[in-house]
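Undergrad: The following block contains the structure, expressed as structure tokens.
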Amino acid sequence: MTNNHIGKVYLVGSGPGDPDLITVKAHRLISECDALVYDSLVPKEVLQIAKDRCDLTFVGKRRGHHSFPQAKINAVLLEKATRYECVVRLKGGDPFVFGRGGEEAAYLHIHKVPIEVVPGVTAGIAAPAYLGIPVTHRHAGSSVTFITGHELVDQRRPSVKWKSLAQASDSLVIYMGLHNLEHIVSSLLSGGMDSNIPAVVIQQATVVGQNFIKAPLHKLVEEVRQKNLSSPSIVVIGRIVDYQVTSCAPSPANVTMPIPF
Ligand code: SAH
């Protein structure tokens, strides 16, 4: 590439794990790109779609190690864009759902790098779907809220108003909530949420490690502890859980999720 030419960066969602859930557009870009910068939640089967001479760079979190600082990831993306025509920034699920895709897009935009976002199937929808739980159901209310449960760990985020959510949203879908589950559940209960409302925690949804526990809210923490569920997991709380139709649940894909946390 010429010195002042800058390649394009695609912010691509790779879906929740099952490679069959990758969009046609994501698949095409992964197979064509010159450089691919990827996260922890991308299974190796997805990386294998890339061509042999594709420049692969891991910028995720490895077990027991800190994640890459965002500034470093931004710098990597900028550097790849100066070297390659087509760069894919691949993120688990959807790149704009709790994935810092917005920060990367803004950074690249400021640095005059052409960018395009490719939405993906987010874990908060796929995880309940792989158990046959509809993320909305008109008999279970009219609202669903997607929340990060990571707030106590990441103090830079504005804190979640759990007590208000207990009243304001019919269903809750919580990402990164497992480590913080006790606090989340007790805040919801003290905010007036029905202690018998059904809840489910779904681990490694859509891939071989898929496992879940279902319990009324007041028993959730204890059951999760007993069954030893681990990250990555999605927590779903609300009447939608009662509308589960197990016969529509797909089988998880025969791929393993790198377990990063
Ligand atoms: N951008 C991603 C979310 C990134 S935050 C998306 O749209 O799905 C990472 C969190 O997503 C994990 O801690 C977990 O809560 C959730 N997650 C991602 N993949 C998952 C999976 N296969 N099963 C369960 N939870 C998952």
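Order determines the names: the first chain of the structure tokens is A, the second B, and so forth; residues in each chain are numbered 1 upward, and ligands are numbered 1 upward as they are shown.
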Write out as CSV the residues of chain A that have any atom within 6 Å of an atom of ligand 1, one row each with the nearest atom pair and its distance in Å to one decimal, counting only C-alpha atoms and all ligand atoms, sorted by chain and then rising number.

TA:
residue,atom,partner,partner_atom_place_in_ligand_line,distance
A:Pro16,CA,ligand 1,22 (N),4.4
A:Gly17,CA,ligand 1,22 (N),5.2
A:Gly92,CA,ligand 1,2 (C),4.9
A:Gly93,CA,ligand 1,6 (C),3.4
A:Asp94,CA,ligand 1,7 (O),3.8
A:Pro95,CA,ligand 1,1 (N),5.0
A:Val97,CA,ligand 1,1 (N),4.6
A:Phe98,CA,ligand 1,4 (C),4.9
A:Gly99,CA,ligand 1,1 (N),4.4
A:Thr122,CA,ligand 1,7 (O),3.6
A:Ala123,CA,ligand 1,8 (O),3.7
A:Ala127,CA,ligand 1,23 (N),5.9
A:Tyr175,CA,ligand 1,15 (O),3.5
A:Met176,CA,ligand 1,15 (O),3.7
A:Ile202,CA,ligand 1,24 (C),5.8
A:Gln203,CA,ligand 1,24 (C),4.8
A:Gln204,CA,ligand 1,23 (N),3.7
A:Ala205,CA,ligand 1,23 (N),3.7
A:Thr206,CA,ligand 1,22 (N),5.8
A:Ser231,CA,ligand 1,13 (O),6.0
A:Pro232,CA,ligand 1,14 (C),4.2
A:Ser233,CA,ligand 1,25 (N),3.7
A:Ile234,CA,ligand 1,25 (N),4.5

Undergrad: Return as a tab-separated table the residues of region 28-105 of chain A lying at most 7 Å from region 3-12 of chain A, together with the closest atom-to-atom pair for each and the distance in Å to one decimal, counting only C-alpha atoms, with rows in chain order and ascending residue number.

TA:
residue	atom	partner	partner_atom	distance
A:Ala81	CA	A:Gly7	CA	4.7
A:Thr82	CA	A:Ile6	CA	5.0
A:Tyr84	CA	A:Gly7	CA	5.5
A:Glu85	CA	A:Gly7	CA	4.0
A:Cys86	CA	A:Lys8	CA	5.3
A:Val87	CA	A:Val9	CA	4.7
A:Val88	CA	A:Tyr10	CA	4.9
A:Arg89	CA	A:Leu11	CA	4.9
A:Leu90	CA	A:Val12	CA	4.9
A:Lys91	CA	A:Val12	CA	6.2
A:Pro95	CA	A:Val12	CA	6.1
A:Gly101	CA	A:Leu11	CA	7.0

Undergrad: Using only N, CA, C and O atoms, please write the residues we just selected to a file, as a PDB file, in the first residue's frame.

TA:
ATOM      1  N   ALA A  81      -4.465  -0.636   9.905  1.00  0.00           N
ATOM      2  CA  ALA A  81      -5.119   0.108   8.816  1.00  0.00           C
ATOM      3  C   ALA A  81      -4.093   0.813   7.922  1.00  0.00           C
ATOM      4  O   ALA A  81      -4.341   1.047   6.743  1.00  0.00           O
ATOM      5  N   THR A  82      -2.939   1.159   8.499  1.00  0.00           N
ATOM      6  CA  THR A  82      -1.913   1.808   7.672  1.00  0.00           C
ATOM      7  C   THR A  82      -1.164   0.772   6.825  1.00  0.00           C
ATOM      8  O   THR A  82      -0.529   1.124   5.851  1.00  0.00           O
ATOM      9  N   TYR A  84      -2.656  -2.454   5.831  1.00  0.00           N
ATOM     10  CA  TYR A  84      -3.495  -3.374   5.051  1.00  0.00           C
ATOM     11  C   TYR A  84      -4.726  -2.675   4.483  1.00  0.00           C
ATOM     12  O   TYR A  84      -5.248  -1.732   5.083  1.00  0.00           O
ATOM     13  N   GLU A  85      -5.185  -3.217   3.374  1.00  0.00           N
ATOM     14  CA  GLU A  85      -6.372  -2.686   2.690  1.00  0.00           C
ATOM     15  C   GLU A  85      -7.662  -2.989   3.475  1.00  0.00           C
ATOM     16  O   GLU A  85      -8.531  -2.154   3.620  1.00  0.00           O
ATOM     17  N   CYS A  86      -7.754  -4.242   3.945  1.00  0.00           N
ATOM     18  CA  CYS A  86      -9.002  -4.677   4.588  1.00  0.00           C
ATOM     19  C   CYS A  86      -8.695  -5.308   5.952  1.00  0.00           C
ATOM     20  O   CYS A  86      -8.029  -6.340   6.039  1.00  0.00           O
ATOM     21  N   VAL A  87      -9.144  -4.639   7.010  1.00  0.00           N
ATOM     22  CA  VAL A  87      -8.882  -5.108   8.377  1.00  0.00           C
ATOM     23  C   VAL A  87     -10.222  -5.460   9.022  1.00  0.00           C
ATOM     24  O   VAL A  87     -11.166  -4.668   8.974  1.00  0.00           O
ATOM     25  N   VAL A  88     -10.295  -6.649   9.625  1.00  0.00           N
ATOM     26  CA  VAL A  88     -11.506  -7.016  10.367  1.00  0.00           C
ATOM     27  C   VAL A  88     -11.209  -6.979  11.863  1.00  0.00           C
ATOM     28  O   VAL A  88     -10.262  -7.604  12.338  1.00  0.00           O
ATOM     29  N   ARG A  89     -11.987  -6.196  12.575  1.00  0.00           N
ATOM     30  CA  ARG A  89     -11.917  -6.181  14.040  1.00  0.00           C
ATOM     31  C   ARG A  89     -13.079  -7.053  14.502  1.00  0.00           C
ATOM     32  O   ARG A  89     -14.251  -6.646  14.442  1.00  0.00           O
ATOM     33  N   LEU A  90     -12.749  -8.279  14.925  1.00  0.00           N
ATOM     34  CA  LEU A  90     -13.782  -9.272  15.202  1.00  0.00           C
ATOM     35  C   LEU A  90     -14.064  -9.360  16.704  1.00  0.00           C
ATOM     36  O   LEU A  90     -13.153  -9.583  17.502  1.00  0.00           O
ATOM     37  N   LYS A  91     -15.340  -9.228  17.039  1.00  0.00           N
ATOM     38  CA  LYS A  91     -15.742  -9.249  18.447  1.00  0.00           C
ATOM     39  C   LYS A  91     -16.854 -10.259  18.651  1.00  0.00           C
ATOM     40  O   LYS A  91     -17.701 -10.419  17.758  1.00  0.00           O
ATOM     41  N   PRO A  95     -20.743  -6.141  17.871  1.00  0.00           N
ATOM     42  CA  PRO A  95     -19.636  -5.264  18.282  1.00  0.00           C
ATOM     43  C   PRO A  95     -20.064  -4.029  19.075  1.00  0.00           C
ATOM     44  O   PRO A  95     -19.260  -3.441  19.785  1.00  0.00           O
ATOM     45  N   GLY A 101     -17.170  -1.430  20.992  1.00  0.00           N
ATOM     46  CA  GLY A 101     -17.126  -1.134  19.555  1.00  0.00           C
ATOM     47  C   GLY A 101     -17.295   0.353  19.294  1.00  0.00           C
ATOM     48  O   GLY A 101     -16.672   0.919  18.393  1.00  0.00           O
TER      49      GLY A 101
END

Undergrad: For Arg239 (chain A), list every protein, DNA or RNA residue within 9 Å, evaluated using only C-alpha atoms, and leave out those in the same chain fewer than 3 positions away; present the list as a VMD selection string.

TA: chain A and resid 137 139 to 141 170 to 171 197 to 199 242 to 243

Undergrad: Could the residues in this selection be written to a file with N, CA, C and O atoms, as a JSON list (two decimals), in the first residue's frame?

TA:
[["chain", "number", "residue", "atom", "x", "y", "z"],
["A", 137, "HIS", "N", -42.10, -11.76, 24.96],
["A", 137, "HIS", "CA", -43.34, -12.50, 24.73],
["A", 137, "HIS", "C", -44.46, -11.57, 25.17],
["A", 137, "HIS", "O", -44.38, -11.00, 26.27],
["A", 139, "HIS", "N", -47.25, -11.92, 26.39],
["A", 139, "HIS", "CA", -47.92, -12.21, 27.65],
["A", 139, "HIS", "C", -46.98, -12.04, 28.86],
["A", 139, "HIS", "O", -47.39, -12.21, 30.00],
["A", 140, "ALA", "N", -45.73, -11.75, 28.57],
["A", 140, "ALA", "CA", -44.76, -11.61, 29.67],
["A", 140, "ALA", "C", -44.31, -10.16, 29.83],
["A", 140, "ALA", "O", -43.28, -9.90, 30.45],
["A", 141, "GLY", "N", -45.05, -9.25, 29.25],
["A", 141, "GLY", "CA", -44.71, -7.84, 29.39],
["A", 141, "GLY", "C", -44.26, -7.23, 28.08],
["A", 141, "GLY", "O", -44.26, -7.88, 27.04],
["A", 170, "ASP", "N", -39.84, -5.26, 32.43],
["A", 170, "ASP", "CA", -40.48, -6.57, 32.63],
["A", 170, "ASP", "C", -39.46, -7.69, 32.70],
["A", 170, "ASP", "O", -39.56, -8.59, 33.51],
["A", 171, "SER", "N", -38.48, -7.63, 31.79],
["A", 171, "SER", "CA", -37.45, -8.68, 31.80],
["A", 171, "SER", "C", -36.08, -8.04, 31.78],
["A", 171, "SER", "O", -35.90, -6.93, 31.26],
["A", 197, "ILE", "N", -40.03, -14.66, 40.88],
["A", 197, "ILE", "CA", -39.95, -14.47, 39.43],
["A", 197, "ILE", "C", -38.92, -15.46, 38.87],
["A", 197, "ILE", "O", -37.87, -15.69, 39.48],
["A", 198, "PRO", "N", -39.21, -16.09, 37.73],
["A", 198, "PRO", "CA", -38.26, -17.09, 37.23],
["A", 198, "PRO", "C", -36.99, -16.45, 36.66],
["A", 198, "PRO", "O", -37.05, -15.36, 36.10],
["A", 199, "ALA", "N", -35.90, -17.15, 36.83],
["A", 199, "ALA", "CA", -34.62, -16.66, 36.33],
["A", 199, "ALA", "C", -33.80, -17.82, 35.79],
["A", 199, "ALA", "O", -34.03, -18.98, 36.18],
["A", 242, "ASP", "N", -40.81, -18.35, 31.76],
["A", 242, "ASP", "CA", -41.94, -19.29, 31.83],
["A", 242, "ASP", "C", -42.46, -19.67, 30.45],
["A", 242, "ASP", "O", -43.23, -20.63, 30.32],
["A", 243, "TYR", "N", -42.08, -18.92, 29.43],
["A", 243, "TYR", "CA", -42.60, -19.21, 28.07],
["A", 243, "TYR", "C", -41.60, -20.04, 27.25],
["A", 243, "TYR", "O", -41.67, -20.07, 26.03]]

Undergrad: Running DSSP on the backbone, which parts of region 24-196 of chain A land in strand (DSSP E), as a VMD selection string?

TA: chain A and resid 35 to 38 55 to 58 86 to 91 115 to 118 144 to 148 171 to 175

Undergrad: To one decimal place, how far is CA of Val185 (chain A) from CA of Val135 (chain A) in Å?

TA: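 Computing it gives 19.6 Å between the two atoms.
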
Undergrad: Could you name the residues that touch region 40-49 of chain A at 7 Å or less, counting only C-alpha atoms, but leaving out those on the same chain fewer than 5 positions away, as a PDB file with N, CA, C and O atoms, in the first residue's frame?

TA:
ATOM      1  N   SER A  14     -19.047 -11.588  15.619  1.00  0.00           N
ATOM      2  CA  SER A  14     -18.889 -12.985  15.205  1.00  0.00           C
ATOM      3  C   SER A  14     -19.988 -13.863  15.781  1.00  0.00           C
ATOM      4  O   SER A  14     -19.942 -15.078  15.667  1.00  0.00           O
ATOM      5  N   GLY A  17     -20.922 -17.668  19.436  1.00  0.00           N
ATOM      6  CA  GLY A  17     -20.049 -18.856  19.530  1.00  0.00           C
ATOM      7  C   GLY A  17     -20.300 -19.833  18.402  1.00  0.00           C
ATOM      8  O   GLY A  17     -19.389 -20.150  17.638  1.00  0.00           O
ATOM      9  N   PRO A  19     -20.570 -21.163  15.098  1.00  0.00           N
ATOM     10  CA  PRO A  19     -20.155 -20.534  13.836  1.00  0.00           C
ATOM     11  C   PRO A  19     -21.301 -20.418  12.826  1.00  0.00           C
ATOM     12  O   PRO A  19     -21.242 -19.571  11.932  1.00  0.00           O
ATOM     13  N   ILE A  30     -14.395 -12.022   6.869  1.00  0.00           N
ATOM     14  CA  ILE A  30     -13.342 -12.795   7.567  1.00  0.00           C
ATOM     15  C   ILE A  30     -12.516 -13.569   6.532  1.00  0.00           C
ATOM     16  O   ILE A  30     -11.303 -13.665   6.625  1.00  0.00           O
ATOM     17  N   SER A  31     -13.200 -14.101   5.523  1.00  0.00           N
ATOM     18  CA  SER A  31     -12.468 -14.914   4.528  1.00  0.00           C
ATOM     19  C   SER A  31     -11.636 -14.054   3.579  1.00  0.00           C
ATOM     20  O   SER A  31     -10.684 -14.535   2.987  1.00  0.00           O
ATOM     21  N   GLY A  60      -7.505 -10.058  23.259  1.00  0.00           N
ATOM     22  CA  GLY A  60      -8.500 -10.326  24.297  1.00  0.00           C
ATOM     23  C   GLY A  60      -7.866 -10.591  25.648  1.00  0.00           C
ATOM     24  O   GLY A  60      -6.707 -10.281  25.888  1.00  0.00           O
ATOM     25  N   LYS A  61      -8.666 -11.220  26.474  1.00  0.00           N
ATOM     26  CA  LYS A  61      -8.241 -11.509  27.841  1.00  0.00           C
ATOM     27  C   LYS A  61      -7.908 -12.993  27.917  1.00  0.00           C
ATOM     28  O   LYS A  61      -8.688 -13.822  27.437  1.00  0.00           O
ATOM     29  N   LYS A  91     -15.340  -9.228  17.039  1.00  0.00           N
ATOM     30  CA  LYS A  91     -15.742  -9.249  18.447  1.00  0.00           C
ATOM     31  C   LYS A  91     -16.854 -10.259  18.651  1.00  0.00           C
ATOM     32  O   LYS A  91     -17.701 -10.419  17.758  1.00  0.00           O
ATOM     33  N   GLY A  92     -16.885 -10.877  19.823  1.00  0.00           N
ATOM     34  CA  GLY A  92     -17.967 -11.800  20.132  1.00  0.00           C
ATOM     35  C   GLY A  92     -19.324 -11.102  20.076  1.00  0.00           C
ATOM     36  O   GLY A  92     -19.425  -9.914  20.383  1.00  0.00           O
ATOM     37  N   THR A 256     -15.563 -25.410  20.855  1.00  0.00           N
ATOM     38  CA  THR A 256     -15.340 -24.977  22.236  1.00  0.00           C
ATOM     39  C   THR A 256     -15.041 -23.488  22.274  1.00  0.00           C
ATOM     40  O   THR A 256     -14.381 -22.947  21.409  1.00  0.00           O
ATOM     41  N   MET A 257     -15.554 -22.898  23.308  1.00  0.00           N
ATOM     42  CA  MET A 257     -15.348 -21.468  23.527  1.00  0.00           C
ATOM     43  C   MET A 257     -14.048 -21.314  24.304  1.00  0.00           C
ATOM     44  O   MET A 257     -13.870 -21.971  25.316  1.00  0.00           O
ATOM     45  N   PRO A 258     -13.145 -20.458  23.851  1.00  0.00           N
ATOM     46  CA  PRO A 258     -11.996 -20.204  24.730  1.00  0.00           C
ATOM     47  C   PRO A 258     -12.542 -19.550  25.993  1.00  0.00           C
ATOM     48  O   PRO A 258     -13.306 -18.606  25.890  1.00  0.00           O
ATOM     49  N   PRO A 260     -12.158 -17.280  28.870  1.00  0.00           N
ATOM     50  CA  PRO A 260     -11.168 -16.258  29.171  1.00  0.00           C
ATOM     51  C   PRO A 260     -11.145 -15.736  30.593  1.00  0.00           C
ATOM     52  O   PRO A 260     -10.148 -15.188  31.023  1.00  0.00           O
TER      53      PRO A 260
END

Undergrad: Please run DSSP on the backbone and report, as a PyMOL selection string, all residues within region 40-254 of chain A that come out as alpha helix (DSSP H).

TA: chain A and resi 44-47+70-83+101-110+123-129+162-168+181-190+220-227
